[in-house]
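Undergrad: protein34.cif is reproduced in full below (mmCIF, N, CA and C atoms).
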data_work
loop_
_atom_site.label_atom_id
_atom_site.label_comp_id
_atom_site.auth_asym_id
_atom_site.auth_seq_id
_atom_site.Cartn_x
_atom_site.Cartn_y
_atom_site.Cartn_z
N MET Q 1 42.08 67.09 58.48
CA MET Q 1 41.95 68.42 57.94
C MET Q 1 42.12 69.42 59.06
N SER Q 2 42.82 70.48 58.82
CA SER Q 2 42.99 71.51 59.83
C SER Q 2 42.62 72.87 59.23
N ILE Q 3 42.17 73.75 60.10
CA ILE Q 3 41.77 75.10 59.71
C ILE Q 3 42.59 76.07 60.55
N THR Q 4 43.16 77.08 59.93
CA THR Q 4 43.87 78.12 60.66
C THR Q 4 43.02 79.38 60.69
N LEU Q 5 42.74 79.89 61.89
CA LEU Q 5 41.95 81.10 62.06
C LEU Q 5 42.88 82.26 62.35
N ARG Q 6 42.66 83.37 61.68
CA ARG Q 6 43.44 84.58 61.91
C ARG Q 6 42.48 85.75 61.99
N SER Q 7 42.69 86.62 62.95
CA SER Q 7 41.85 87.80 63.04
C SER Q 7 42.41 88.89 62.13
N LYS Q 8 41.51 89.78 61.69
CA LYS Q 8 41.91 90.84 60.77
C LYS Q 8 42.24 92.14 61.49
N SER Q 9 41.65 92.38 62.64
CA SER Q 9 41.91 93.64 63.34
C SER Q 9 41.71 93.45 64.84
N GLY Q 10 41.98 94.50 65.61
CA GLY Q 10 41.87 94.44 67.05
C GLY Q 10 40.49 94.75 67.59
N GLU Q 11 39.61 95.29 66.74
CA GLU Q 11 38.26 95.58 67.19
C GLU Q 11 37.29 95.47 66.03
N TYR Q 12 36.02 95.32 66.35
CA TYR Q 12 34.98 95.20 65.35
C TYR Q 12 33.81 96.07 65.78
N ARG Q 13 33.30 96.89 64.88
CA ARG Q 13 32.14 97.73 65.17
C ARG Q 13 30.92 97.04 64.55
N THR Q 14 29.95 96.72 65.40
CA THR Q 14 28.79 95.96 64.95
C THR Q 14 27.86 96.79 64.09
N THR Q 15 27.09 96.09 63.27
CA THR Q 15 25.98 96.69 62.55
C THR Q 15 24.70 96.18 63.20
N GLN Q 16 23.58 96.79 62.89
CA GLN Q 16 22.30 96.42 63.50
C GLN Q 16 22.03 94.93 63.32
N ASN Q 17 21.67 94.26 64.40
CA ASN Q 17 21.29 92.83 64.45
C ASN Q 17 22.44 91.87 64.18
N ASP Q 18 23.69 92.28 64.35
CA ASP Q 18 24.80 91.33 64.30
C ASP Q 18 24.64 90.34 65.45
N ILE Q 19 25.02 89.10 65.21
CA ILE Q 19 25.03 88.08 66.26
C ILE Q 19 26.45 87.50 66.33
N TRP Q 20 26.72 86.73 67.37
CA TRP Q 20 28.08 86.27 67.66
C TRP Q 20 28.71 85.52 66.48
N ASP Q 21 27.98 84.62 65.87
CA ASP Q 21 28.59 83.83 64.80
C ASP Q 21 28.86 84.66 63.55
N ILE Q 22 28.05 85.69 63.30
CA ILE Q 22 28.31 86.57 62.16
C ILE Q 22 29.57 87.41 62.42
N VAL Q 23 29.73 87.87 63.64
CA VAL Q 23 30.94 88.63 63.99
C VAL Q 23 32.17 87.74 63.82
N ALA Q 24 32.10 86.49 64.27
CA ALA Q 24 33.23 85.57 64.12
C ALA Q 24 33.52 85.29 62.65
N LEU Q 25 32.48 85.16 61.84
CA LEU Q 25 32.67 84.92 60.41
C LEU Q 25 33.35 86.11 59.75
N ARG Q 26 32.96 87.31 60.12
CA ARG Q 26 33.55 88.51 59.51
C ARG Q 26 34.96 88.80 60.01
N THR Q 27 35.28 88.40 61.24
CA THR Q 27 36.60 88.73 61.79
C THR Q 27 37.60 87.59 61.64
N TYR Q 28 37.17 86.35 61.89
CA TYR Q 28 38.07 85.20 61.82
C TYR Q 28 37.91 84.37 60.55
N GLY Q 29 36.80 84.61 59.82
CA GLY Q 29 36.57 83.83 58.62
C GLY Q 29 35.87 82.52 58.87
N ASP Q 30 35.42 82.27 60.10
CA ASP Q 30 34.73 81.02 60.43
C ASP Q 30 33.76 81.28 61.57
N GLU Q 31 32.51 80.96 61.36
CA GLU Q 31 31.50 81.21 62.39
C GLU Q 31 31.66 80.32 63.61
N HIS Q 32 32.37 79.22 63.49
CA HIS Q 32 32.59 78.32 64.63
C HIS Q 32 33.59 78.89 65.64
N ALA Q 33 34.21 80.01 65.33
CA ALA Q 33 35.17 80.65 66.23
C ALA Q 33 34.50 81.69 67.12
N MET Q 34 33.17 81.65 67.22
CA MET Q 34 32.48 82.69 67.99
C MET Q 34 32.84 82.68 69.46
N HIS Q 35 33.28 81.55 70.00
CA HIS Q 35 33.66 81.53 71.42
C HIS Q 35 34.89 82.38 71.68
N PHE Q 36 35.77 82.57 70.67
CA PHE Q 36 36.91 83.47 70.85
C PHE Q 36 36.43 84.91 71.00
N VAL Q 37 35.42 85.29 70.23
CA VAL Q 37 34.86 86.64 70.32
C VAL Q 37 34.14 86.82 71.65
N GLN Q 38 33.38 85.83 72.06
CA GLN Q 38 32.66 85.90 73.34
C GLN Q 38 33.63 85.99 74.51
N ASP Q 39 34.70 85.22 74.48
CA ASP Q 39 35.67 85.24 75.57
C ASP Q 39 36.35 86.61 75.69
N ALA Q 40 36.57 87.29 74.58
CA ALA Q 40 37.23 88.58 74.60
C ALA Q 40 36.28 89.71 75.02
N ASN Q 41 34.98 89.47 75.02
CA ASN Q 41 33.99 90.50 75.33
C ASN Q 41 33.07 90.03 76.43
N PHE Q 42 33.62 89.88 77.62
CA PHE Q 42 32.92 89.32 78.77
C PHE Q 42 31.64 90.08 79.12
N TYR Q 43 31.68 91.40 79.06
CA TYR Q 43 30.52 92.19 79.50
C TYR Q 43 29.37 92.18 78.49
N GLU Q 44 29.60 91.67 77.31
CA GLU Q 44 28.55 91.56 76.30
C GLU Q 44 28.03 90.13 76.17
N ARG Q 45 28.43 89.24 77.05
CA ARG Q 45 28.17 87.82 76.88
C ARG Q 45 26.70 87.43 76.84
N PHE Q 46 25.82 88.25 77.41
CA PHE Q 46 24.40 87.91 77.41
C PHE Q 46 23.64 88.58 76.27
N THR Q 47 24.32 89.26 75.37
CA THR Q 47 23.69 89.92 74.24
C THR Q 47 23.43 88.89 73.14
N ASP Q 48 22.19 88.84 72.68
CA ASP Q 48 21.85 87.93 71.58
C ASP Q 48 22.07 88.58 70.22
N ALA Q 49 21.52 89.78 70.05
CA ALA Q 49 21.68 90.53 68.80
C ALA Q 49 22.13 91.94 69.17
N PHE Q 50 23.17 92.40 68.51
CA PHE Q 50 23.77 93.69 68.84
C PHE Q 50 23.06 94.84 68.13
N GLU Q 51 23.10 95.99 68.77
CA GLU Q 51 22.70 97.23 68.11
C GLU Q 51 23.87 97.68 67.25
N GLY Q 52 23.63 98.59 66.36
CA GLY Q 52 24.70 99.11 65.51
C GLY Q 52 25.66 99.98 66.32
N GLY Q 53 26.94 99.88 66.03
CA GLY Q 53 27.94 100.75 66.64
C GLY Q 53 28.59 100.24 67.90
N VAL Q 54 28.27 99.04 68.35
CA VAL Q 54 28.92 98.48 69.54
C VAL Q 54 30.32 98.02 69.14
N VAL Q 55 31.32 98.45 69.90
CA VAL Q 55 32.70 98.09 69.59
C VAL Q 55 33.06 96.83 70.38
N LEU Q 56 33.41 95.77 69.67
CA LEU Q 56 33.83 94.51 70.28
C LEU Q 56 35.33 94.35 70.11
N GLU Q 57 35.96 93.82 71.14
CA GLU Q 57 37.40 93.56 71.06
C GLU Q 57 37.61 92.23 70.34
N ILE Q 58 38.50 92.23 69.39
CA ILE Q 58 38.86 91.01 68.66
C ILE Q 58 40.33 90.74 68.94
N GLU Q 59 40.59 89.63 69.60
CA GLU Q 59 41.97 89.29 69.96
C GLU Q 59 42.75 88.87 68.73
N PRO Q 60 43.98 89.37 68.58
CA PRO Q 60 44.81 88.87 67.48
C PRO Q 60 45.06 87.39 67.73
N LEU Q 61 44.84 86.60 66.73
CA LEU Q 61 44.81 85.17 66.96
C LEU Q 61 45.29 84.43 65.72
N ALA Q 62 46.04 83.40 65.94
CA ALA Q 62 46.40 82.46 64.88
C ALA Q 62 46.31 81.07 65.50
N VAL Q 63 45.19 80.42 65.28
CA VAL Q 63 44.92 79.12 65.90
C VAL Q 63 44.67 78.10 64.79
N THR Q 64 45.20 76.92 64.96
CA THR Q 64 44.93 75.84 64.02
C THR Q 64 44.03 74.82 64.72
N LEU Q 65 42.88 74.55 64.11
CA LEU Q 65 41.93 73.60 64.67
C LEU Q 65 41.96 72.33 63.84
N GLN Q 66 41.89 71.21 64.51
CA GLN Q 66 41.85 69.93 63.83
C GLN Q 66 40.39 69.50 63.65
N ASN Q 67 40.08 68.95 62.51
CA ASN Q 67 38.75 68.43 62.26
C ASN Q 67 38.62 67.11 63.02
N ASN Q 68 37.75 67.07 64.02
CA ASN Q 68 37.67 65.88 64.86
C ASN Q 68 36.92 64.73 64.21
N LEU Q 69 36.34 64.91 63.02
CA LEU Q 69 35.73 63.79 62.32
C LEU Q 69 36.80 62.85 61.78
N LYS Q 70 37.94 63.40 61.40
CA LYS Q 70 39.01 62.56 60.88
C LYS Q 70 39.89 62.00 61.98
N THR Q 71 40.01 62.72 63.10
CA THR Q 71 40.91 62.29 64.17
C THR Q 71 40.18 61.58 65.30
N ARG Q 72 38.86 61.39 65.17
CA ARG Q 72 38.08 60.79 66.25
C ARG Q 72 38.49 59.34 66.48
N LYS Q 73 38.67 58.99 67.71
CA LYS Q 73 39.01 57.62 68.08
C LYS Q 73 37.71 56.81 68.20
N PRO Q 74 37.76 55.53 67.97
CA PRO Q 74 36.55 54.73 68.12
C PRO Q 74 36.07 54.74 69.57
N THR Q 75 34.77 54.70 69.74
CA THR Q 75 34.22 54.72 71.10
C THR Q 75 34.42 53.36 71.75
N PRO Q 76 34.78 53.33 73.03
CA PRO Q 76 35.02 52.05 73.70
C PRO Q 76 33.71 51.31 73.96
N ASN Q 77 33.83 50.03 74.16
CA ASN Q 77 32.69 49.20 74.50
C ASN Q 77 32.29 49.49 75.95
N LEU Q 78 31.02 49.76 76.18
CA LEU Q 78 30.58 50.08 77.54
C LEU Q 78 30.80 48.94 78.52
N ALA Q 79 30.73 47.72 78.04
CA ALA Q 79 30.96 46.58 78.92
C ALA Q 79 32.39 46.55 79.43
N GLN Q 80 33.33 47.08 78.66
CA GLN Q 80 34.72 47.15 79.12
C GLN Q 80 34.89 48.24 80.16
N LEU Q 81 34.16 49.35 80.00
CA LEU Q 81 34.28 50.45 80.96
C LEU Q 81 33.48 50.18 82.23
N LEU Q 82 32.32 49.59 82.07
CA LEU Q 82 31.42 49.34 83.20
C LEU Q 82 31.10 47.85 83.25
N PRO Q 83 31.92 47.06 83.92
CA PRO Q 83 31.76 45.61 83.88
C PRO Q 83 30.42 45.12 84.42
N TRP Q 84 29.77 45.89 85.29
CA TRP Q 84 28.49 45.45 85.83
C TRP Q 84 27.36 45.52 84.80
N LEU Q 85 27.62 46.14 83.63
CA LEU Q 85 26.61 46.16 82.57
C LEU Q 85 26.67 44.93 81.68
N SER Q 86 27.77 44.21 81.74
CA SER Q 86 27.88 43.02 80.90
C SER Q 86 26.99 41.91 81.46
N PRO Q 87 26.43 41.07 80.57
CA PRO Q 87 25.54 40.00 81.05
C PRO Q 87 26.32 38.98 81.89
N PRO Q 88 25.64 38.36 82.85
CA PRO Q 88 26.33 37.36 83.68
C PRO Q 88 26.72 36.13 82.87
N LEU Q 89 27.79 35.48 83.29
CA LEU Q 89 28.28 34.29 82.58
C LEU Q 89 27.58 33.06 83.01
#
Output the file's structure in the form of structure tokens.

TA:
Amino acid sequence: MSITLRSKSGEYRTTQNDIWDIVALRTYGDEHAMHFVQDANFYERFTDAFEGGVVLEIEPLAVTLQNNLKTRKPTPNLAQLLPWLSPPL
């Protein structure tokens, strides 16, 4: 399964108590895209909850994300990676 994220505008004006994932949900349509918003707004990176009226830059974006639950590879056996963990013969 893949998801395509697209931004709606070049900036977003916050409302009282907006947080990063809510801004991502309103701009990209997915709260998991909040790192794109954080990366574009370096000087606000330590803000937990925004005051009303803060202008955040929203990068125009069209990204397709793959669902890693379907594409995940099986985990290797630790004994193959670390032979000293395997029991002696």

Undergrad: Could you tell me, as an MDAnalysis selection string, exactly which residues end up selected when the PyMOL selection byres (((chain Q and resi 37-45 and name CA) around 10) and name CA) is applied to this structure?

TA: chainID Q and resid 12 20:21 23:24 27:28 33:36 46:48 50 54:59

Undergrad: Any chance you could work out the axis-aligned box around region 40-59 of chain Q, listed atoms only, 4 Å on each side, giving centre and edge lengths in Å to one decimal, as AutoDock Vina command-line options?

TA:
--center_x 32.1 --center_y 94.0 --center_z 72.5 --size_x 29.2 --size_y 21.5 --size_z 22.0

Undergrad: Grab the CA of Gly53 (chain Q) to CA of His32 (chain Q) distance for me, in Å with one decimal place.

TA: 23.0 Å
